[in-house]
Amino acid sequence: MKPVDLTRSEPLLDGGDPWADVRDGVRKLCARFPGPYWRALDRDRTYPEEFVAALTEAGYLACLIPEQYGGAGLPVSAAVAVLEEIHRSGGNGAACHAQMYMMGALLRHGSEAQKQRYLPDVASGKLRLQAFGVTEPNAGSDTLGLQTRADRDGDAYVINGQKIWTSRAEHSDLMLLLARTESAETVAKRTDGLSLFLVDMAEALQSGLSIRPIRTMLNHATTEVFFKDLRVPDTARIGEEGKGFRYILDGMNAERILVAAECIGDARFFVDRAVAYAGERVVFDRPIGQNQGVQFPIARAYAETEAANLMVQKAALRFDSGLPCGPESNMAKLLAADASWHAAESCLQTHGGFGFAEEYDIERKFRETRLYQVAPVSTNLILGYIGQHVLGLPRSY
Ligand SMILES: Cc1cc2nc3c(=O)[nH]c(=O)nc-3n(C[C@H](O)[C@H](O)[C@H](O)COP(=O)(O)OP(=O)(O)OC[C@H]3O[C@@H](n4cnc5c(N)ncnc54)[C@H](O)[C@@H]3O)c2cc1C
């Protein structure tokens with residue numbers, strides 16, 4: 001029997017992969033940014049400016065923006081292909097993926113004037129929409145417990161508070177910010193009272209916004225941001241006051257599908273590398289991959305990856321067809337994050353001591369893929385969602 005060609009992406013169904021050209025283009029682009037490029041950035045914790053510029057220039061970052069605003073107008077399943085290929089090549093799309101799903105809030109809920117003003121510049125790369133300010137130190141996963149306030153003052157809002165883990169804040173021109181415009185005690189529904197703002201970062205940095213980088217175990221350009229009497233015009237608000245949480249929820253399915261695609265890419269990277277190494281490394285006069293103790297964890301990781309990918313594709317298909325996809329998007333993120341983590345573990349183990357050497361890129365990807373057990377939503381929170389919303393079990397959080 002012919003072995004499975006691991007260099008090829010598996011189409012979901014007979015009839016081929018509709019995004020084969022996209023995948024091919026992204027692969028070629030990524031080949032210009034090999035392991036040593038990412039390794040050097042990782043060592044110095046620097047942002048992949050050249051890679052993001054190349055992706056922007058090639059139009060991939062704007063693939064979801066409708067053509068009328070200068071993008072390619074492709075569905076989420078195309079963005080899945082883009083991010084999966086970046087990760088499979090050994091790169092990391094987290095440096096720039098937020099733009100893909102954040103612009104959805106602007107697209108779906110912004111005014112026509114806001115869309116005209118920002119989307120064409122985001123599509124061309126003139127404006128970077130990369131910072132997403134939701135998580136707060138005192139609220140964590142409980143987004144509705146956030147405390148950053150935006151208080152009305154004439155035709156402006158005055159913002160005070162703090163966000164944490166606001167990734168790419170130093171590399172973005174705009175921040176999508178969720179803040180409280182009505183106290184949690186007076187709102188009719190717990191999900192009311194939060195509003196969404198598009199903050200001009202350059203202006204804000206002159207008048208009340210400060211950014212402090214957080215060094216983490218991976219190269220992620222993440223920060224904490226502080227707001228002190230920052231005034232933003234009411235034209236910066238997206239949609240209606242008090243409805244921001246709903247607008248954010250709308251985008252979360254896309255976010256989960258796209259992050260799941262990155263996990264699938266990571267998992268395939270690890271399986272590719274593990275198979276190659278297990279086949280060539282000879283110990284006790286035979287390739288280590290001949291030992292079931294080495295071979296089976298890789299085979300299991302491959303099987304888990306393929307299964308998780310089916311859920312990612314299903315979620316994307318439902319999203320693109322306008323069907324409800326909360327359960328599928330959450331399950332895709334859960335299963336893909338587990339598949340990539342298990343693949344990472346088997347790949348590192350397969351490499352023995354060399355898995356720890358920087359030059360193999362395994363330890364770097366291992367650190368990078370661990371994040372997805374926690375962010376953008378932790379595994380437990382997804383299990384709680386499935387328990388409550390899919391299975392009808394009592395609310396656990
Ligand atoms: C590198 C990085 C980048 C990030 N980028 C961004 C960003 O750009 N923008 C942004 O807004 N946020 C960002 N985040 C934040 C991320 O979304 C949160 O870290 C994540 O949602 C978890 O929140 P937390 O860290 O406060 O953990 P907590 O909410 O404090 O949870 C801690 C642990 O307890 C568990 N837990 C909590 N409550 C329950 C419960 N009821 N049942 C079971 N288990 C529970 C969680 O699963 C988790 O394992 C980023 C985080 C990291 C680490």
# chains A, B, ... in the order shown; residues from 1 in each chain; ligands from 1

call {"tool": "closest_atom_pairs", "arguments": {"of": "chain A", "to": "ligand 1", "cutoff": "8 Å", "atoms": "only C-alpha atoms and all ligand atoms", "output": "JSON lines"}}
result
{"residue": "A:Ala98", "atom": "CA", "partner": "ligand 1", "partner_atom_place_in_ligand_line": "8 (O)", "distance": 7.7}
{"residue": "A:Ala131", "atom": "CA", "partner": "ligand 1", "partner_atom_place_in_ligand_line": "8 (O)", "distance": 6.1}
{"residue": "A:Phe132", "atom": "CA", "partner": "ligand 1", "partner_atom_place_in_ligand_line": "9 (N)", "distance": 4.7}
{"residue": "A:Gly133", "atom": "CA", "partner": "ligand 1", "partner_atom_place_in_ligand_line": "11 (O)", "distance": 4.6}
{"residue": "A:Val134", "atom": "CA", "partner": "ligand 1", "partner_atom_place_in_ligand_line": "11 (O)", "distance": 3.5}
{"residue": "A:Thr135", "atom": "CA", "partner": "ligand 1", "partner_atom_place_in_ligand_line": "11 (O)", "distance": 3.8}
{"residue": "A:Glu136", "atom": "CA", "partner": "ligand 1", "partner_atom_place_in_ligand_line": "26 (O)", "distance": 7.1}
{"residue": "A:Pro137", "atom": "CA", "partner": "ligand 1", "partner_atom_place_in_ligand_line": "26 (O)", "distance": 6.3}
{"residue": "A:Asn138", "atom": "CA", "partner": "ligand 1", "partner_atom_place_in_ligand_line": "26 (O)", "distance": 7.7}
{"residue": "A:Ala139", "atom": "CA", "partner": "ligand 1", "partner_atom_place_in_ligand_line": "26 (O)", "distance": 6.5}
{"residue": "A:Gly140", "atom": "CA", "partner": "ligand 1", "partner_atom_place_in_ligand_line": "26 (O)", "distance": 2.9}
{"residue": "A:Ser141", "atom": "CA", "partner": "ligand 1", "partner_atom_place_in_ligand_line": "29 (O)", "distance": 3.6}
{"residue": "A:Asp142", "atom": "CA", "partner": "ligand 1", "partner_atom_place_in_ligand_line": "29 (O)", "distance": 6.4}
{"residue": "A:Lys163", "atom": "CA", "partner": "ligand 1", "partner_atom_place_in_ligand_line": "11 (O)", "distance": 7.3}
{"residue": "A:Ile164", "atom": "CA", "partner": "ligand 1", "partner_atom_place_in_ligand_line": "12 (N)", "distance": 6.7}
{"residue": "A:Trp165", "atom": "CA", "partner": "ligand 1", "partner_atom_place_in_ligand_line": "13 (C)", "distance": 4.4}
{"residue": "A:Thr166", "atom": "CA", "partner": "ligand 1", "partner_atom_place_in_ligand_line": "8 (O)", "distance": 4.1}
{"residue": "A:Ser167", "atom": "CA", "partner": "ligand 1", "partner_atom_place_in_ligand_line": "8 (O)", "distance": 3.9}
{"residue": "A:Arg168", "atom": "CA", "partner": "ligand 1", "partner_atom_place_in_ligand_line": "8 (O)", "distance": 7.0}
{"residue": "A:Thr216", "atom": "CA", "partner": "ligand 1", "partner_atom_place_in_ligand_line": "1 (C)", "distance": 6.9}
{"residue": "A:Leu218", "atom": "CA", "partner": "ligand 1", "partner_atom_place_in_ligand_line": "1 (C)", "distance": 7.4}
{"residue": "A:His220", "atom": "CA", "partner": "ligand 1", "partner_atom_place_in_ligand_line": "1 (C)", "distance": 5.8}
{"residue": "A:Ala221", "atom": "CA", "partner": "ligand 1", "partner_atom_place_in_ligand_line": "1 (C)", "distance": 7.9}
{"residue": "A:Thr222", "atom": "CA", "partner": "ligand 1", "partner_atom_place_in_ligand_line": "3 (C)", "distance": 5.7}
{"residue": "A:Leu371", "atom": "CA", "partner": "ligand 1", "partner_atom_place_in_ligand_line": "53 (C)", "distance": 6.4}
{"residue": "A:Gln373", "atom": "CA", "partner": "ligand 1", "partner_atom_place_in_ligand_line": "49 (O)", "distance": 7.9}
{"residue": "A:Val374", "atom": "CA", "partner": "ligand 1", "partner_atom_place_in_ligand_line": "20 (C)", "distance": 5.5}
{"residue": "A:Ala375", "atom": "CA", "partner": "ligand 1", "partner_atom_place_in_ligand_line": "16 (C)", "distance": 4.4}
{"residue": "A:Pro376", "atom": "CA", "partner": "ligand 1", "partner_atom_place_in_ligand_line": "17 (O)", "distance": 3.9}
{"residue": "A:Val377", "atom": "CA", "partner": "ligand 1", "partner_atom_place_in_ligand_line": "21 (O)", "distance": 4.4}
{"residue": "A:Ser378", "atom": "CA", "partner": "ligand 1", "partner_atom_place_in_ligand_line": "47 (O)", "distance": 4.7}
{"residue": "A:Thr379", "atom": "CA", "partner": "ligand 1", "partner_atom_place_in_ligand_line": "47 (O)", "distance": 5.9}
{"residue": "A:Asn380", "atom": "CA", "partner": "ligand 1", "partner_atom_place_in_ligand_line": "47 (O)", "distance": 4.4}
{"residue": "A:Leu381", "atom": "CA", "partner": "ligand 1", "partner_atom_place_in_ligand_line": "47 (O)", "distance": 5.6}
{"residue": "A:Gly384", "atom": "CA", "partner": "ligand 1", "partner_atom_place_in_ligand_line": "42 (N)", "distance": 6.8}
{"residue": "A:Ser396", "atom": "CA", "partner": "ligand 1", "partner_atom_place_in_ligand_line": "41 (N)", "distance": 6.0}
{"residue": "A:Tyr397", "atom": "CA", "partner": "ligand 1", "partner_atom_place_in_ligand_line": "41 (N)", "distance": 4.3}

call {"tool": "select_by_dssp", "arguments": {"residues": "segment 86-286 of chain A", "states": "strand (DSSP E)", "output": "ChimeraX atom specification"}}
result
/A:129-133,149-153,156-164,174-180,194-200,209-213,223-233,237-238,282-283,286

call {"tool": "closest_atom_pairs", "arguments": {"of": "segment 17-81 of chain A", "to": "segment 99-104 of chain A", "cutoff": "7 Å", "atoms": "only C-alpha atoms", "output": "JSON lines"}}
result
{"residue": "A:Leu61", "atom": "CA", "partner": "A:Met100", "partner_atom": "CA", "distance": 6.4}
{"residue": "A:Ala62", "atom": "CA", "partner": "A:Met100", "partner_atom": "CA", "distance": 6.9}
{"residue": "A:Leu64", "atom": "CA", "partner": "A:Met100", "partner_atom": "CA", "distance": 6.4}

call {"tool": "residues_around", "arguments": {"residues": "segment 332-349 of chain A", "least_positions_apart": "5", "cutoff": "7 Å", "atoms": "only C-alpha atoms", "output": "short mmCIF file (atom, residue, chain, number, x, y, z; two decimals) with N, CA and C atoms, in the first residue's frame"}}
result
data_model
loop_
_atom_site.label_atom_id
_atom_site.label_comp_id
_atom_site.auth_asym_id
_atom_site.auth_seq_id
_atom_site.Cartn_x
_atom_site.Cartn_y
_atom_site.Cartn_z
N ARG A 256 -12.50 31.40 16.86
CA ARG A 256 -12.22 30.02 17.28
C ARG A 256 -11.89 29.13 16.10
N ILE A 257 -12.60 29.32 14.99
CA ILE A 257 -12.32 28.50 13.80
C ILE A 257 -10.89 28.80 13.29
N VAL A 259 -8.29 30.09 14.93
CA VAL A 259 -7.26 29.59 15.85
C VAL A 259 -7.16 28.07 15.74
N ALA A 260 -8.31 27.42 15.58
CA ALA A 260 -8.29 25.96 15.40
C ALA A 260 -7.49 25.59 14.14
N CYS A 263 -3.96 25.58 14.95
CA CYS A 263 -3.61 24.35 15.69
C CYS A 263 -3.43 23.18 14.73
N ILE A 264 -4.32 23.07 13.74
CA ILE A 264 -4.18 21.98 12.76
C ILE A 264 -2.84 22.13 12.02
N ASP A 266 -0.13 23.57 13.17
CA ASP A 266 0.92 23.16 14.12
C ASP A 266 0.99 21.64 14.21
N ALA A 267 -0.17 21.01 14.35
CA ALA A 267 -0.20 19.55 14.50
C ALA A 267 0.45 18.88 13.28
N PHE A 270 4.20 19.21 13.41
CA PHE A 270 4.81 18.26 14.34
C PHE A 270 4.80 16.83 13.77
N VAL A 271 3.69 16.45 13.16
CA VAL A 271 3.62 15.09 12.60
C VAL A 271 4.63 14.95 11.45
N ARG A 273 7.41 16.56 11.00
CA ARG A 273 8.78 16.52 11.54
C ARG A 273 9.05 15.19 12.26
N ALA A 274 8.06 14.72 13.00
CA ALA A 274 8.25 13.48 13.76
C ALA A 274 8.44 12.30 12.80
N PRO A 297 2.56 6.83 19.08
CA PRO A 297 2.12 8.19 19.45
C PRO A 297 2.03 9.12 18.24
N ILE A 298 2.90 8.91 17.26
CA ILE A 298 2.85 9.77 16.05
C ILE A 298 1.59 9.41 15.25
N ALA A 301 -1.37 10.86 16.96
CA ALA A 301 -1.44 12.32 16.76
C ALA A 301 -1.97 12.63 15.35
N GLU A 304 -5.74 11.97 15.36
CA GLU A 304 -6.44 13.04 16.09
C GLU A 304 -6.50 14.33 15.26
N THR A 305 -5.42 14.59 14.55
CA THR A 305 -5.36 15.81 13.73
C THR A 305 -6.38 15.75 12.59
N ALA A 308 -9.85 16.20 14.08
CA ALA A 308 -10.08 17.59 14.49
C ALA A 308 -10.28 18.48 13.27
N ASN A 309 -9.51 18.17 12.22
CA ASN A 309 -9.63 18.98 11.01
C ASN A 309 -11.03 18.87 10.40
N MET A 311 -13.74 18.65 12.01
CA MET A 311 -14.60 19.57 12.77
C MET A 311 -14.31 21.03 12.41
N VAL A 312 -13.04 21.34 12.16
CA VAL A 312 -12.69 22.71 11.74
C VAL A 312 -13.38 23.02 10.41
N ALA A 315 -17.13 23.43 10.90
CA ALA A 315 -17.46 24.72 11.52
C ALA A 315 -17.34 25.84 10.49
N GLY A 355 15.15 17.41 20.39
CA GLY A 355 13.92 18.18 20.47
C GLY A 355 14.09 19.45 21.30
N ILE A 362 11.54 22.59 17.15
CA ILE A 362 10.49 21.81 17.83
C ILE A 362 10.14 22.47 19.18
N PHE A 366 6.64 23.93 20.21
CA PHE A 366 6.07 23.29 21.40
C PHE A 366 5.55 24.38 22.36
N THR A 369 2.49 26.26 20.69
CA THR A 369 1.19 25.58 20.57
C THR A 369 0.56 25.32 21.94
N ARG A 370 1.34 25.40 22.99
CA ARG A 370 0.79 25.21 24.34
C ARG A 370 -0.24 26.29 24.67
N TYR A 372 -2.64 27.44 23.11
CA TYR A 372 -4.03 27.24 22.69
C TYR A 372 -4.87 26.44 23.68
N GLN A 373 -4.23 25.89 24.71
CA GLN A 373 -5.03 25.28 25.78
C GLN A 373 -5.66 26.37 26.65
N THR A 379 -9.65 25.57 27.49
CA THR A 379 -10.32 24.29 27.27
C THR A 379 -11.48 24.10 28.23
N ILE A 382 -14.59 25.96 27.22
CA ILE A 382 -15.28 25.32 26.08
C ILE A 382 -16.08 24.12 26.57
#

call {"tool": "residues_around", "arguments": {"residues": "segment 231-245 of chain A", "least_positions_apart": "6", "cutoff": "8 Å", "atoms": "only C-alpha atoms", "output": "list in words"}}
result
Ala105, Leu106, His109, Gly110, Ser111, Leu144, Asp155, Ala156, Tyr157, Val158, Ile159, Leu178, Arg180, Thr181, Glu182, Thr191, Asp192, Gly193, Leu194, Ser195, Leu196, Phe197, Leu198, Val199, Ala204, Ser207 and Gly208 of chain A

call {"tool": "residues_around", "arguments": {"residues": "segment 278-295 of chain A", "least_positions_apart": "4", "cutoff": "8 Å", "atoms": "only C-alpha atoms", "output": "PyMOL selection string"}}
result
chain A and resi 274+299+350-351

call {"tool": "write_last_selection", "arguments": {"atoms": "C-alpha atoms", "output": "mmCIF file, in the first residue's frame"}}
result
data_model
loop_
_atom_site.group_PDB
_atom_site.id
_atom_site.type_symbol
_atom_site.label_atom_id
_atom_site.label_comp_id
_atom_site.auth_asym_id
_atom_site.auth_seq_id
_atom_site.Cartn_x
_atom_site.Cartn_y
_atom_site.Cartn_z
ATOM 1 C CA ALA A 274 8.253 13.481 13.762
ATOM 2 C CA ALA A 299 0.142 7.663 14.399
ATOM 3 C CA THR A 350 10.565 11.392 19.064
ATOM 4 C CA HIS A 351 13.441 13.848 18.767
#

call {"tool": "residues_around", "arguments": {"residues": "Glu84 of chain A", "least_positions_apart": "2", "cutoff": "9 Å", "atoms": "only C-alpha atoms", "output": "list of chain:residue names"}}
result
A:Arg23, A:Ala79, A:Val80, A:Ala81, A:Val82, A:Ile86, A:His87, A:Arg88, A:Ser89, A:Gly93, A:Leu258, A:Val259, A:Ala260, A:Ala261, A:Glu262, A:Cys263, A:Ile264, A:Gly265, A:Asp266, A:Arg268

call {"tool": "select_by_dssp", "arguments": {"residues": "segment 90-180 of chain A", "states": "alpha helix (DSSP H)", "output": "PyMOL selection string"}}
result
chain A and resi 98-109+112-124

call {"tool": "write_last_selection", "arguments": {"atoms": "N, CA and C atoms", "output": "short mmCIF file (atom, residue, chain, number, x, y, z; two decimals), in the first residue's frame"}}
result
data_model
loop_
_atom_site.label_atom_id
_atom_site.label_comp_id
_atom_site.auth_asym_id
_atom_site.auth_seq_id
_atom_site.Cartn_x
_atom_site.Cartn_y
_atom_site.Cartn_z
N ALA A 98 -5.42 38.45 14.17
CA ALA A 98 -6.56 39.14 14.79
C ALA A 98 -7.30 40.02 13.81
N GLN A 99 -6.53 40.59 12.87
CA GLN A 99 -7.18 41.47 11.88
C GLN A 99 -8.28 40.73 11.12
N MET A 100 -8.04 39.46 10.87
CA MET A 100 -8.99 38.69 10.07
C MET A 100 -10.35 38.60 10.75
N TYR A 101 -10.35 38.31 12.06
CA TYR A 101 -11.66 38.15 12.70
C TYR A 101 -12.18 39.43 13.35
N MET A 102 -11.25 40.35 13.72
CA MET A 102 -11.74 41.58 14.36
C MET A 102 -12.48 42.48 13.41
N MET A 103 -12.04 42.48 12.14
CA MET A 103 -12.69 43.42 11.22
C MET A 103 -14.17 43.04 11.03
N GLY A 104 -14.52 41.79 11.40
CA GLY A 104 -15.91 41.35 11.29
C GLY A 104 -16.84 42.20 12.14
N ALA A 105 -16.38 42.65 13.30
CA ALA A 105 -17.22 43.48 14.18
C ALA A 105 -17.51 44.81 13.48
N LEU A 106 -16.48 45.35 12.84
CA LEU A 106 -16.64 46.61 12.11
C LEU A 106 -17.55 46.41 10.90
N LEU A 107 -17.32 45.30 10.22
CA LEU A 107 -18.09 45.01 9.01
C LEU A 107 -19.57 44.79 9.32
N ARG A 108 -19.84 44.03 10.37
CA ARG A 108 -21.24 43.68 10.66
C ARG A 108 -21.97 44.75 11.44
N HIS A 109 -21.25 45.50 12.28
CA HIS A 109 -21.94 46.42 13.19
C HIS A 109 -21.54 47.88 13.04
N GLU A 112 -21.77 52.77 7.86
CA GLU A 112 -21.15 52.78 6.53
C GLU A 112 -19.96 53.75 6.52
N ALA A 113 -20.11 54.88 7.25
CA ALA A 113 -19.01 55.85 7.29
C ALA A 113 -17.77 55.23 7.93
N GLN A 114 -17.95 54.46 9.01
CA GLN A 114 -16.80 53.82 9.65
C GLN A 114 -16.15 52.81 8.72
N LYS A 115 -17.01 52.05 8.03
CA LYS A 115 -16.45 51.02 7.12
C LYS A 115 -15.64 51.67 6.00
N GLN A 116 -16.22 52.76 5.43
CA GLN A 116 -15.52 53.45 4.34
C GLN A 116 -14.21 54.04 4.84
N ARG A 117 -14.24 54.53 6.07
CA ARG A 117 -13.07 55.20 6.60
C ARG A 117 -11.92 54.23 6.89
N TYR A 118 -12.28 53.06 7.43
CA TYR A 118 -11.21 52.17 7.90
C TYR A 118 -10.90 50.96 7.02
N LEU A 119 -11.94 50.29 6.52
CA LEU A 119 -11.69 48.99 5.89
C LEU A 119 -10.73 49.02 4.68
N PRO A 120 -10.88 50.01 3.77
CA PRO A 120 -9.94 50.01 2.64
C PRO A 120 -8.49 50.18 3.11
N ASP A 121 -8.28 50.99 4.14
CA ASP A 121 -6.90 51.16 4.64
C ASP A 121 -6.40 49.93 5.39
N VAL A 122 -7.31 49.23 6.05
CA VAL A 122 -6.92 47.97 6.70
C VAL A 122 -6.56 46.96 5.60
N ALA A 123 -7.37 46.92 4.56
CA ALA A 123 -7.12 45.97 3.46
C ALA A 123 -5.77 46.24 2.79
N SER A 124 -5.44 47.50 2.62
CA SER A 124 -4.17 47.81 1.93
C SER A 124 -2.97 47.72 2.85
#

call {"tool": "residues_around", "arguments": {"residues": "Ile386 of chain A", "least_positions_apart": "3", "cutoff": "10 Å", "atoms": "only C-alpha atoms", "output": "count of residues only"}}
result
14
